[in-house]
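A short write-up of the structure that comes next.
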Amino acid sequence: MALLAQTPPMGFNTWNTFGPNIDEKMVMEMADVIVEKGYKDAGYKYVVIDDCWSLRERDEDGELVPDPAKFPHGMKYVGDYIHSKGLKFGMYSCAGIRTCAGFPSSFDHEFQDARTFASWGVDFLKYDFCYFPSFANCQHRYLQMAQALRASGRDILFSACNWGAQEPWNWMRSVGAHMYRSTGDIFDNFNSTAGIAKSQMDKFNANAPGCFNDMDMLTVGMNGIGNVGSGTEANSYNEYEFEFAYWCFCASPLMMGADLRKVDDKYRELLQNPGLIALNQDKEARPPYLVRNENGWTLWVRHLADGEFAIGVFNFADGDRWAEVTFAELGVPVNSGVKLDITDVITGEKVGLKKDDMFFPVRAHSCKIFRAKFVPEKRRRAAK
C-alpha cells in the first residue's frame, strides 16, 4: 500500500458550512471550483462529504444507502465526477452505533462498510466518535476500521476523529490512522481557534510522514456564515491569517470548510499562500517545538528539509506587542559562526541576514512566520 499521507492531507469538507444541507450538485460544484479557482494547483485534492448523506436505516442486506433526495445518482456517480477532475473522493462514517446526526454508523459493520466505500471509489474516510458504546474498546475499534480499509482492496486514507478520547496522540499512528482529531469541533470565531491551538501545543509528538494531528477543518473565509458560523463576520482577516498560519506551521491537515464558490479573493489568496503551504507540506514533516509560552504569545521553531528551519510567533493576546526573539533560544548562539538569512513566509519578503536576535511588532490575534537559512560568517584572520 502506498504511503497515503507523506505530508498533511489537503482538501475540502462539507460540514463547517453546509452541515446536513448537502447534495450532489453542491459537492460537484465544489469540485469544479477547486479546479477552476486554483485550489487544486495549490495542493488541495480531497473533496469530503461529511455526516447526513445516507438514509436513516440500512437496507435489508445491512448496506448503507445514500439518500436519493440528496444523491439521486448514487455515490459512485459523485466519486466518478470528482475523479474526472483529478481530485480524490472522501466520505464520512462513525465508530459508534449512530453518526453524530443520528444516521447509521459503522459499529460492527466495519468490513462491510469499507467494502462499500471502496466500491464507490472512496479515497478518504472521516471516522467520527458519536454514540460509542460504553462496553466497547475505543482503540480496538479504530484499529478494526483501519484493518477493514486495508482489506477493502482500495487505498483509503483513514481520518480518525475521536476528539481526544484516551489520548489518541499516543496511539492513533500505531493503530493505522493517517490523521487524527483530538479536539472538539471548531467554530468560526477567534476564541474557538485559539482554544484549539492552545490545547494542542504539547500534542504534536506523533506528527511524521504517514500520520498527522488534525486540528479540525478550517473556517477561513466563512465570514460567520454556515453551520459553525455565528451569523456575523466572526473573524478579522488577521485572525483568519493566524488560523491558517498556525495550522500550516504545526503541519496540521488543511481541510477547507468555507463555501469556496463564494469565498472573497483575499481569503482565496490566503488559502493558496505558497509560502505557508510549502511550510505545511515540508517533506521532512517534523513537528514544531515550543520554545517559549508567556504573556499570551508563543515562540516556536520547526526543522525543515534542506537544512532550513522556521520561526513562528503567535500573539493570542488582545493587544499588540513587540516580540523579541533571541537566536540562542532557537539553538543558534552568538558564537555559532553563522548568520541567518531570513525570509517572511507569509509575504515572501526577504528580511536579510540577521545575527543574535530579531525585534518586531506583532498585532493582536496575529502572527509572524519566518524561514531561516544558515550562512557561514567570514572569519577574520588573527593579527600577526
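Chain labels follow the order of the C-alpha cells: the first chain is A, the next B, and so on; residue numbering restarts at 1 in every chain, and ligands are counted from 1 in their shown order.
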
Margin query: Applying 8 Å and only C-alpha atoms, which residues near A:Val362 remain after dropping the ones on its own chain fewer than 2 positions away? List them as a list of chain:residue names.
Written below: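 The residues that qualify are A:Asn315, A:Asp320, A:Arg321, A:Trp322, A:Ala323, A:Phe360, A:Ala364, A:Ser366, A:Cys367, A:Lys368.
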
Checklist line | Those of stretch 27-144 of chain A in DSSP helix (DSSP H, G or I), formatted as a ChimeraX atom specification | finding: /A:27-36,39-42,75-84,110-119,138-144

Item checked: Top pick for closest residue to A:Val47, considering A:Cys211, A:Leu270, A:Ala160, A:Leu87 and counting only C-alpha atoms ->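 With only C-alpha atoms as the atom set, the closest residue is A:Leu87.
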
Check: Looking at only C-alpha atoms, which of A:Thr193, A:Pro8, A:Gly231, A:Thr99 is the one that sits closest to A:Arg286?
Finding: A:Pro8

Note to self: Between A:Ala42, A:Ala101, A:Met28, A:Phe132, which residue has the minimum interatomic distance to A:Arg268, considering only C-alpha atoms?
What the structure shows: A:Ala42

Next item on the list: Have a look at A:Ser236, A:Asn13, A:Asn273, A:Gln112 and name the one nearest to A:Gly224; count only C-alpha atoms.
Entry: A:Ser236

Margin query: I need the residue nearest A:Glu167 from this list: A:Ser152, A:Cys138, A:Tyr81, A:Asn280. Use only C-alpha atoms for the distance.
Written below: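 Under the stated criterion, the closest residue is A:Cys138.
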
Margin query: Quick one: residues within 10 Å of A:Pro104, only C-alpha atoms, excluding same-chain residues fewer than 5 positions away - as JSON, numbers by chain?
Written below: {"A": [52, 54, 55, 56, 57, 58, 62, 63, 64, 65, 93, 94, 96, 97, 98, 99, 109]}

File of the preceding selection, N, CA, C and O atoms, as a PDB file, in the first residue's frame:
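Full text of selection_35.pdb as output:
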ATOM      1  N   CYS A  52     -24.730  13.049   7.350  1.00  0.00           N
ATOM      2  CA  CYS A  52     -26.090  13.302   6.825  1.00  0.00           C
ATOM      3  C   CYS A  52     -26.252  12.967   5.348  1.00  0.00           C
ATOM      4  O   CYS A  52     -27.154  13.490   4.682  1.00  0.00           O
ATOM      5  N   SER A  54     -26.761   9.714   4.192  1.00  0.00           N
ATOM      6  CA  SER A  54     -27.459   8.436   3.982  1.00  0.00           C
ATOM      7  C   SER A  54     -28.907   8.508   4.431  1.00  0.00           C
ATOM      8  O   SER A  54     -29.358   9.481   5.049  1.00  0.00           O
ATOM      9  N   LEU A  55     -29.625   7.433   4.160  1.00  0.00           N
ATOM     10  CA  LEU A  55     -30.943   7.248   4.765  1.00  0.00           C
ATOM     11  C   LEU A  55     -30.775   6.918   6.247  1.00  0.00           C
ATOM     12  O   LEU A  55     -29.692   6.555   6.705  1.00  0.00           O
ATOM     13  N   ARG A  56     -31.882   6.992   6.984  1.00  0.00           N
ATOM     14  CA  ARG A  56     -31.837   6.773   8.420  1.00  0.00           C
ATOM     15  C   ARG A  56     -31.647   5.314   8.821  1.00  0.00           C
ATOM     16  O   ARG A  56     -31.300   5.015   9.966  1.00  0.00           O
ATOM     17  N   GLU A  57     -31.891   4.394   7.877  1.00  0.00           N
ATOM     18  CA  GLU A  57     -31.727   2.969   8.182  1.00  0.00           C
ATOM     19  C   GLU A  57     -30.987   2.283   7.038  1.00  0.00           C
ATOM     20  O   GLU A  57     -31.048   2.717   5.877  1.00  0.00           O
ATOM     21  N   ARG A  58     -30.295   1.185   7.360  1.00  0.00           N
ATOM     22  CA  ARG A  58     -29.656   0.354   6.347  1.00  0.00           C
ATOM     23  C   ARG A  58     -30.721  -0.421   5.572  1.00  0.00           C
ATOM     24  O   ARG A  58     -31.867  -0.540   6.016  1.00  0.00           O
ATOM     25  N   GLY A  62     -28.221  -4.956   5.099  1.00  0.00           N
ATOM     26  CA  GLY A  62     -27.344  -4.280   6.045  1.00  0.00           C
ATOM     27  C   GLY A  62     -26.438  -3.241   5.416  1.00  0.00           C
ATOM     28  O   GLY A  62     -25.481  -2.788   6.056  1.00  0.00           O
ATOM     29  N   GLU A  63     -26.746  -2.848   4.174  1.00  0.00           N
ATOM     30  CA  GLU A  63     -25.898  -1.893   3.473  1.00  0.00           C
ATOM     31  C   GLU A  63     -26.343  -0.457   3.746  1.00  0.00           C
ATOM     32  O   GLU A  63     -27.541  -0.169   3.898  1.00  0.00           O
ATOM     33  N   LEU A  64     -25.375   0.445   3.799  1.00  0.00           N
ATOM     34  CA  LEU A  64     -25.668   1.866   3.853  1.00  0.00           C
ATOM     35  C   LEU A  64     -26.287   2.311   2.533  1.00  0.00           C
ATOM     36  O   LEU A  64     -25.859   1.867   1.459  1.00  0.00           O
ATOM     37  N   VAL A  65     -27.274   3.215   2.616  1.00  0.00           N
ATOM     38  CA  VAL A  65     -27.988   3.653   1.417  1.00  0.00           C
ATOM     39  C   VAL A  65     -27.915   5.177   1.312  1.00  0.00           C
ATOM     40  O   VAL A  65     -28.393   5.884   2.206  1.00  0.00           O
ATOM     41  N   SER A  93     -18.109   8.329   8.158  1.00  0.00           N
ATOM     42  CA  SER A  93     -18.857   7.392   8.977  1.00  0.00           C
ATOM     43  C   SER A  93     -18.410   7.594  10.415  1.00  0.00           C
ATOM     44  O   SER A  93     -17.769   8.597  10.740  1.00  0.00           O
ATOM     45  N   CYS A  94     -18.734   6.646  11.274  1.00  0.00           N
ATOM     46  CA  CYS A  94     -18.524   6.859  12.708  1.00  0.00           C
ATOM     47  C   CYS A  94     -18.259   5.516  13.387  1.00  0.00           C
ATOM     48  O   CYS A  94     -18.785   4.484  12.958  1.00  0.00           O
ATOM     49  N   GLY A  96     -19.247   4.707  16.317  1.00  0.00           N
ATOM     50  CA  GLY A  96     -20.328   4.356  17.219  1.00  0.00           C
ATOM     51  C   GLY A  96     -21.497   3.673  16.529  1.00  0.00           C
ATOM     52  O   GLY A  96     -21.426   3.276  15.368  1.00  0.00           O
ATOM     53  N   ILE A  97     -22.608   3.556  17.269  1.00  0.00           N
ATOM     54  CA  ILE A  97     -23.825   2.924  16.754  1.00  0.00           C
ATOM     55  C   ILE A  97     -24.515   3.819  15.729  1.00  0.00           C
ATOM     56  O   ILE A  97     -25.080   3.343  14.736  1.00  0.00           O
ATOM     57  N   ARG A  98     -24.455   5.130  15.960  1.00  0.00           N
ATOM     58  CA  ARG A  98     -25.036   6.119  15.057  1.00  0.00           C
ATOM     59  C   ARG A  98     -24.026   7.232  14.831  1.00  0.00           C
ATOM     60  O   ARG A  98     -23.132   7.468  15.653  1.00  0.00           O
ATOM     61  N   THR A  99     -24.151   7.921  13.707  1.00  0.00           N
ATOM     62  CA  THR A  99     -23.320   9.089  13.475  1.00  0.00           C
ATOM     63  C   THR A  99     -23.767  10.214  14.404  1.00  0.00           C
ATOM     64  O   THR A  99     -24.784  10.115  15.093  1.00  0.00           O
ATOM     65  N   HIS A 109     -20.041  -3.075  11.612  1.00  0.00           N
ATOM     66  CA  HIS A 109     -20.187  -3.149  10.156  1.00  0.00           C
ATOM     67  C   HIS A 109     -18.906  -2.673   9.460  1.00  0.00           C
ATOM     68  O   HIS A 109     -18.934  -2.310   8.286  1.00  0.00           O
TER      69      HIS A 109
END

Item checked: Among the residues A:Phe135, A:Val220, A:Val33, A:Phe314, the one that comes closest to A:Ile186 [using only C-alpha atoms] ->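 Of the candidates, the smallest distance to A:Ile186 is held by A:Val220.
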
Notebook entry, point to check: Which value, in Å to one decimal, gives the distance between atom CA of A:Phe18 and atom CA of A:Phe111?
Noted result: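 Taking atom CA of A:Phe18 and atom CA of A:Phe111, their separation equals 28.8 Å.
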
Notebook entry, point to check: Quick one: residues within 8 Å of A:Ile22, only C-alpha atoms counted, chain neighbours fewer than 5 positions away excluded, as a ChimeraX atom specification?
Noted result: /A:14,27,52-53,70

Save out the residues we just selected, N, CA, C and O atoms, as a PDB file, in the first residue's frame.
ATOM      1  N   THR A  14     -17.497  19.281   3.772  1.00  0.00           N
ATOM      2  CA  THR A  14     -18.788  19.969   3.692  1.00  0.00           C
ATOM      3  C   THR A  14     -19.319  20.485   5.024  1.00  0.00           C
ATOM      4  O   THR A  14     -20.198  21.353   5.036  1.00  0.00           O
ATOM      5  N   VAL A  27     -21.749  19.373  -4.085  1.00  0.00           N
ATOM      6  CA  VAL A  27     -20.457  18.693  -3.995  1.00  0.00           C
ATOM      7  C   VAL A  27     -19.728  18.755  -5.337  1.00  0.00           C
ATOM      8  O   VAL A  27     -18.519  19.042  -5.388  1.00  0.00           O
ATOM      9  N   CYS A  52     -24.730  13.049   7.350  1.00  0.00           N
ATOM     10  CA  CYS A  52     -26.090  13.302   6.825  1.00  0.00           C
ATOM     11  C   CYS A  52     -26.252  12.967   5.348  1.00  0.00           C
ATOM     12  O   CYS A  52     -27.154  13.490   4.682  1.00  0.00           O
ATOM     13  N   TRP A  53     -25.457  12.058   4.824  1.00  0.00           N
ATOM     14  CA  TRP A  53     -25.542  11.709   3.408  1.00  0.00           C
ATOM     15  C   TRP A  53     -26.425  10.479   3.147  1.00  0.00           C
ATOM     16  O   TRP A  53     -26.799  10.221   2.003  1.00  0.00           O
ATOM     17  N   LYS A  70     -30.947  13.561  -1.880  1.00  0.00           N
ATOM     18  CA  LYS A  70     -29.717  14.358  -1.908  1.00  0.00           C
ATOM     19  C   LYS A  70     -28.741  13.879  -2.977  1.00  0.00           C
ATOM     20  O   LYS A  70     -28.036  14.689  -3.597  1.00  0.00           O
TER      21      LYS A  70
END
